[in-house]
Structure formats: C-alpha cells, structure tokens
Amino acid sequence: MLRQLRPASVLLTALTVITGLAYPFAMTGLAGIIFPAKAAGSLIERGGTVVGSSLIGQNVTGANYFHGRPSATTATDPADATKTVPAPYNAANSAGSNLGPTSAALAERVTGDLASLKAENANDPVPVDLVTTSGSGLDPDISPAAAAFQVPRIAKARKIAEDKLRDLVASHTEGRMLGILGEPRVNVLVLNLALDDLVRR
Amino acid sequence: MTFDGWIQIALYCAVVLALVKPLGSYMTRVFTGERTFLSPVLGPIERGLYRVSGIDARQEQHWLAYTGAVILFHVLGFAVLYAILRLQAVLPLNPADQAAVAPDLAFNTSTSFITNTNWQSYGGETTLSYLSQMLGLTHQNFLSAATGIAVAVALIRGFARASTGTIGSFWVDVTRATLYVLLPICIPYTLFLVWQGIPQTLAPYADATTLEGAKQTIALGPVASQVAIKMLGTNGGGFFNANAAHPFENPTALSNFVQMVSIFVIGAALTNVFGRMVGDERQGWAILGAMGILFLAGVAVTYWAEANGSSVLNSFGLTGGNMEGKETRFGIAASALFAVITTAASCGAVNAMHDSFTALGGLIPLLNMQLGEIIIGGVGAGLYGMLIFVIVAIFVAGLMVGRTPEYLGKKIEAKEVKMAMLGILCLPLMMLGFTALATVLPAGLAGPANAGPHGFTEILYAYTSAAANNGSAFGGLTANTLFYNSTLAIGMLVGRFLVKIPVLAIAGSLAAKKRVPASAGTFPTHGGLFVGLLVGVILIIGGLTFFPSLALGPVAEHLEGAAGQTFAAGG
C-alpha cells in the first residue's frame, strides 16, 4: 500500500484543487457575469434598501397584507444559547416542523390556525397550505386558493373593492411550468409589493 | 392523485430512459480508454495529472491492490475534510464567522461525505463556512461519487473479462470519472441552476428589511456549484439545512425536475455500460427493468398515500393532500416522486420533509433504503448492489434445477455467493442492530421528536439511511449528539466498506475465471423470467429481514392513525 501513497496523495490534492476551488470559483465568476441578479440571491430593492428576496418568504402578520404559510423555523434564544425559540421565516436557519402524521402537537397547531382563519373568512373552505408548514419554512408561495381566501380580510383592512384584489391575485398567479410541472402558485412578497403599489397609485 | 401528477411521473421516466443509451455509450468509451469528443480538451489535463502523481495509466491492478487504493483514497480524503472542518474558523472565506466544527460533528460529517452518505447532522447555513462548503464538501461530492463509479466499473470488468489477474486501475478510473463524466455535466448544469434562481456568490449573508420593517438575514453562498454535483453524484448533502426544499437550492418546478433526472441518470446509464462491456446490451436492460418495476411500485404507493392526506389533517376536513413539510411550488406529486427517487438512489437530498410524510408514504423511502438502494441506486453503488442480488438470484435458480449456476458465462461458486451474502447481510446488522441499541439506551431515546410508533421510525430511518449511505432523514431526530454522531458514522463506514470490499473480491475472482460457453441448459438472464426472479429474490430477502421493524414503525402508525389516535411528545 505504501507504493500507492504518492499517487493517492498527489492525485487527491490535484483533484481537490480542481473540484473544490477551480470549479466553484469559475462557476461563481461565470454566473456573476451571465446572471448577476440571480447569482446574488434574487434580491429585491425598493428605494435603495433590500426588502427581501423574491425566492424567500417573509413573516408578515398585518391584516393589510397577504400572509404566507405557517413557518417552523427557529432561532437561538437570546436569553439562553442552548435553547431555540420560534422565529418564522428565519432565512438563516431553514427547517421544517418534522411533525409526523399522528403528532398531537400538529393537531393542536392546526386547530389553533383553523380557528383564527375561520374568524377572518367563514365563507370559504380553508386551503390546506394555510395551515401546514412548508419543508424549508421559507416557502415564498401560496396556492391561488390561499390568496383568494385572504381577499375579504385585506379588502376590509385597506378599504379596496374585493374585485380589484381578485384581479391582482389573478395577474400574479403563475401556472404550472411548461404547463405540466409543479403546481399553480402566487409569490406572496411580489404580490404584497404590487398591492402597495396599487394603493399608492 | 391527479392526472397531471401522473403525467409528470411519466414524463420523468421517459426523459431518464431516453438518456440511458447515449450516456451509457459515452461512459463505456470513457472507461474502456477510448477517445471521446472531450479528449482534445481533457486529455492533456488527464496526462498531466498522471505525470505529477507518478501513475502509469497502462498499469492495471489486482483486486487487492485496487481495494488498497480505494481505502487509501478514502482515508486521505477523510483527513483533509476533517482538517478543513476543524480549522474553518481560521481559514479564509468565512463571512458568517462560523466557529470550528465540534470534533464529533466533524467526524460524523467527514465520514458521511467520504462514504457518499451526506447525512446532515450539520445545518449548512448555521455551521459551515463557504470554504468548508466548497473545498470540503463539494470536492468530496465529486470524489466519493467517482469512487462509486470506479468500483462499479471494476466489477463490470470482472464479468466482462476472462482468465486475467487484473480489474483495471483505480487511479485511472477515479480520474476519468471525475474529469470526463462528472465535471463536464456539472458546468452547464450549474449555470442552468443559477438561471433558475440558485445563488452562486461569495458575498456575505444579505440583510433585508421586510415589508413590516423587521430584519431578515438571508443566507447565501456558492450554492449552485454544490447542488449540481450533490444531485449528479447522488450525494445529497444540502448547502442549507432544509436541503432541496430550500428555495435557494431548488427554486422552481423545472429545477426540481432536472434535479430528479440528474439523480438517476448516471446510475441508470451504468446498466447500459454493463450491458455494452459484457457484450450484450439486453443484460443491462434486464437489470434496468427489474429496477423500474420496483421503482414504479414505490412511486404509486407514496403518491397515493400523500395525495390521500394524513389522518390528522383529514380529521379537520382539509383536502388537497398532506402538505405538511411540502413546498407549494412542488405540490404532492413532485414531492412524492422526489422522495422515492432520492431513496431509490443513494442521494438523500429531500425537497419535502420525510418526517412529516404519512405513515405509508414514508414507509416506501425507508424500504427503498433497506433493500440496499439497488433501484438505480447511488452512482456505481446501485449497480454493484444490484449485481450482488443478481448473484444470489442466479444461485437460487441453480439450486432449483440442481446445476452449477452461471451468469454471463462465469460459474458462480461458493466464494462469490459468500461474498455476496456478506455484502447483503452487513446492512441489516447495522440498521436493525443500532436501532435496537438506541431504543434501549437513554442517549438513544433522547433523540426522537415525535412520540409513539413515529418516534421509533425516526430512529430506524436514521440508522437505515446511514448504513445504506443515503443521508436523508426523518429530521425531527436530534442526531447531533455524541451518541448518534458516533454510531451513525460507524453504520456509514460498515455500510460502505463491507459492501465495497466483497464486491471487489467478487470482481477479482470473476476476472480470473474461464468463460463457460452457453449451452441448452444455460438460464437466459435477459428475459422476463429472470427479471421476475430477481425482483422476487429482492423482495423476499428484504421482506423477511425488515418486515418486523416496519410493522413496529410505519405499519403500526398507519393503523393507529386510521383509528384516530395521536401521540403527544414528552407525555
């Protein structure tokens, strides 16, 4: 095996440099030239400040905005570094709830969320994505049904006609990619920014 | 289940199948040393590498020397990765000021990446510097995949050759797999992923001010270059904690589709390489056929279970399937399909949280790994894992007719069957043995986040994933502890080497054998009868070994859930 030490160590070093340094650096350079905005994280700026990324959901709770899905992400407890506290849409620590299908904690959480959602809109059935956490905790999208469900609340809070909001949702609904892949969806941050623009106009 | 969901699944299978022949043909040329269209560019680099390393490309190795080279390459790779992780705090490219990785976590992570497992005890964006991600993880993503391909090619040579003492050169195989197969695909693939929205930057994490004025720190990094090889090399270790569910690792339904294709493509094409190198492509198609039957059965069960929804969600009258732990842009079909693919291959990347799958939806990923990830499987590892089962199936067929079994003109004798059984039996020993241990020790019982049968499944899934070198998890399990980090690492090492070494021993033994001409009594191994026998042997061995553990976990949970039972953790 000793005879193999030189091929092993030299080849490992060379391949490490090629695949671990040359390849990612070259890709970073190329991507930055060809797709600068996307390579930097699809950040959205408004008036010179970054308001978020179009691919990352945000924790929005006001009645005047569309809300994303529940998020199970956490952050370190500022009072005790060994513990974590809930921190929805923490984009520096992605995570799902990991609650199983027979979890009592899941049943309890859904019960609570359903009660508050039914209080704001008793007429429509609650879409399943509004009471389930996403895998990443950062899901930027909701289903078109989940957006429609929130229209009455926002119309009331902003004193806008519901039809106007429905049009806004429809124009921001993306279909399946190539007509086949994935599911129809609405990007919540982009929709909320358009909502602000609508009011400002 | 929807019609559109099934169209997505059918389209997926069609695309993978269409790629088998062209990629198989190309890879055959690469591993038989013929010129390819990339030789003018890569040839000089390849020869330069051999020159500085003192490698004679024509010097082939006996199986023992080949095995020695494999082990040495792993040991050195481990040392490099471990050092990088422990020293990351003082090394450059650490904009988020990550501290040194703790010794047990560094041991677990290094083991995990050299064995192509990529189990995530670490949480990428909260633990690792950019340099650790690139120089540490990305390079092992390449090399552990290249090693898997090399061992598979060595075994193919064992079948293809006769009366010879050598099975190829490991150094040449690993170099060619990296330079001619993995890198040329990864370069355009990375750019495609950036186009879809995956970041590729060395800039520090971005600070955003949200619509409501709160601060949101957005983790970034050189993500696309790592995601490309993590999928293509069936590694699966995420740049981020949430892996391919994270919008920065998998931003669109199209990126998701291409990632799923890239998980299977090399493994599927290797069956064609096998067929071509043994001189009968039908042999490769027969193996792919057996894999395909098992795969489609798994997809059907998981998609059906997830579309039906979980008992808790259904009890509230919610419709639309089990969306807990799934992303809106993928929905039920693409999440269920991904889960079956990632565990059929030894990828382990996840685009939805398996822990939150329904009991039966989560059973299939678990079973896929318990069978040894032979349904397409890890790059290389899937093919050699399947060929081990082929040897057992041929042996069983020989017993039935009372004739010395033969496969591709090679007599399958006691040595091959013993080695094959060693490779098969080390997996349940690790999976079930450690699960049993963890369910009686306090350190093990501290792990699960869910109570009841689901908690047991979390432990079983962890050791299954480790020994099968998969790396996906029922993520609720708190695995970043001394007990789990160490025992899981042992499971990964045994699962990697106690399969690889017997496989290389079989390769050496077969290569030395004379070829027996086919006769009227030879059992044809390219037809439906053989495919049926192979699938039967796999299911009988897997079923007998693992049914009791599945009954205690997912099956019990399904029945309890159907009866309306829920379980409170800590109660």
# chains A, B, ... in the order shown; residues from 1 in each chain; ligands from 1

$ select_by_dssp --residues "range 396-555 of chain B" --states "strand (DSSP E)" --output "PyMOL selection string"
chain B and resi 406-407+410-411

$ select_by_dssp --residues "range 1-188 of chain A" --states "alpha helix (DSSP H)" --output "PyMOL selection string"
chain A and resi 5-17+23-34+36-39+104-120+144-158+162-171+188

$ residues_around --residues "range 301-306 of chain B" --least-positions-apart "3" --cutoff "7 Å" --atoms "only C-alpha atoms" --output "ChimeraX atom specification"
/B:1,297-298,309,321-322,332-333,336,357-358,360-361,364

$ residues_around --residues "range 156-161 of chain A" --least-positions-apart "5" --cutoff "10 Å" --atoms "only C-alpha atoms" --output "list in words"
Gly62, Ala63, Asn64, Tyr65, Val151, Arg166, Leu195, Leu198 and Val199 of chain A

$ write_last_selection --atoms "C-alpha atoms" --output "short mmCIF file (atom, residue, chain, number, x, y, z; two decimals), in the first residue's frame"
data_model
loop_
_atom_site.label_atom_id
_atom_site.label_comp_id
_atom_site.auth_asym_id
_atom_site.auth_seq_id
_atom_site.Cartn_x
_atom_site.Cartn_y
_atom_site.Cartn_z
CA GLY A 62 -50.61 42.62 9.46
CA ALA A 63 -54.22 42.34 8.30
CA ASN A 64 -53.44 44.60 5.32
CA TYR A 65 -51.04 42.16 3.62
CA VAL A 151 -59.03 38.74 -0.12
CA ARG A 166 -59.01 39.33 -7.13
CA LEU A 195 -50.55 45.60 -3.50
CA LEU A 198 -51.86 49.61 -6.21
CA VAL A 199 -52.77 51.65 -3.15
#

$ closest_residue --among "A:Thr173, A:Asn121, A:Ser103, A:Ser116" --to "chain B" --atoms "only C-alpha atoms"
A:Ser103

$ residues_around --residues "Asp197 in chain A" --least-positions-apart "6" --cutoff "12 Å" --atoms "only C-alpha atoms" --output "count of residues only"
4

$ closest_residue --among "B:Thr328, B:Ser129, B:Ser509, B:Ser465" --to "chain A" --atoms "only C-alpha atoms"
B:Thr328

$ residues_around --residues "Val85 in chain A" --least-positions-apart "3" --cutoff "9 Å" --atoms "only C-alpha atoms" --output "PDB file with C-alpha atoms, in the first residue's frame"
ATOM      1  CA  THR A  73     -38.080  27.919  11.565  1.00  0.00           C
ATOM      2  CA  THR A  74     -36.414  28.802  14.854  1.00  0.00           C
ATOM      3  CA  ALA A  75     -33.612  30.984  16.174  1.00  0.00           C
ATOM      4  CA  THR A  76     -31.295  30.764  19.141  1.00  0.00           C
ATOM      5  CA  ASP A  77     -32.953  32.018  22.321  1.00  0.00           C
ATOM      6  CA  PRO A  78     -31.306  35.376  23.136  1.00  0.00           C
TER       7      PRO A  78
END

$ residues_around --residues "Leu539 in chain B" --least-positions-apart "5" --cutoff "9 Å" --atoms "only C-alpha atoms" --output "MDAnalysis selection string"
chainID B and resid 371 534 544

$ closest_atom_pairs --of "range 154-178 of chain B" --to "range 14-19 of chain A" --cutoff "12 Å" --atoms "only C-alpha atoms" --output "tab-separated table"
residue	atom	partner	partner_atom	distance
B:Trp171	CA	A:Leu15	CA	11.4
B:Val174	CA	A:Leu15	CA	9.8
B:Thr175	CA	A:Leu15	CA	8.0
B:Arg176	CA	A:Leu15	CA	11.1
B:Ala177	CA	A:Leu15	CA	11.4
B:Thr178	CA	A:Leu15	CA	8.3

$ closest_residue --among "B:Ala286, B:Leu135, B:Leu552, B:Ile45" --to "chain A" --atoms "only C-alpha atoms"
B:Leu135

$ closest_residue --among "B:Ala253, B:Met277, B:Leu23, B:Ala14" --to "chain A" --atoms "only C-alpha atoms"
B:Ala253
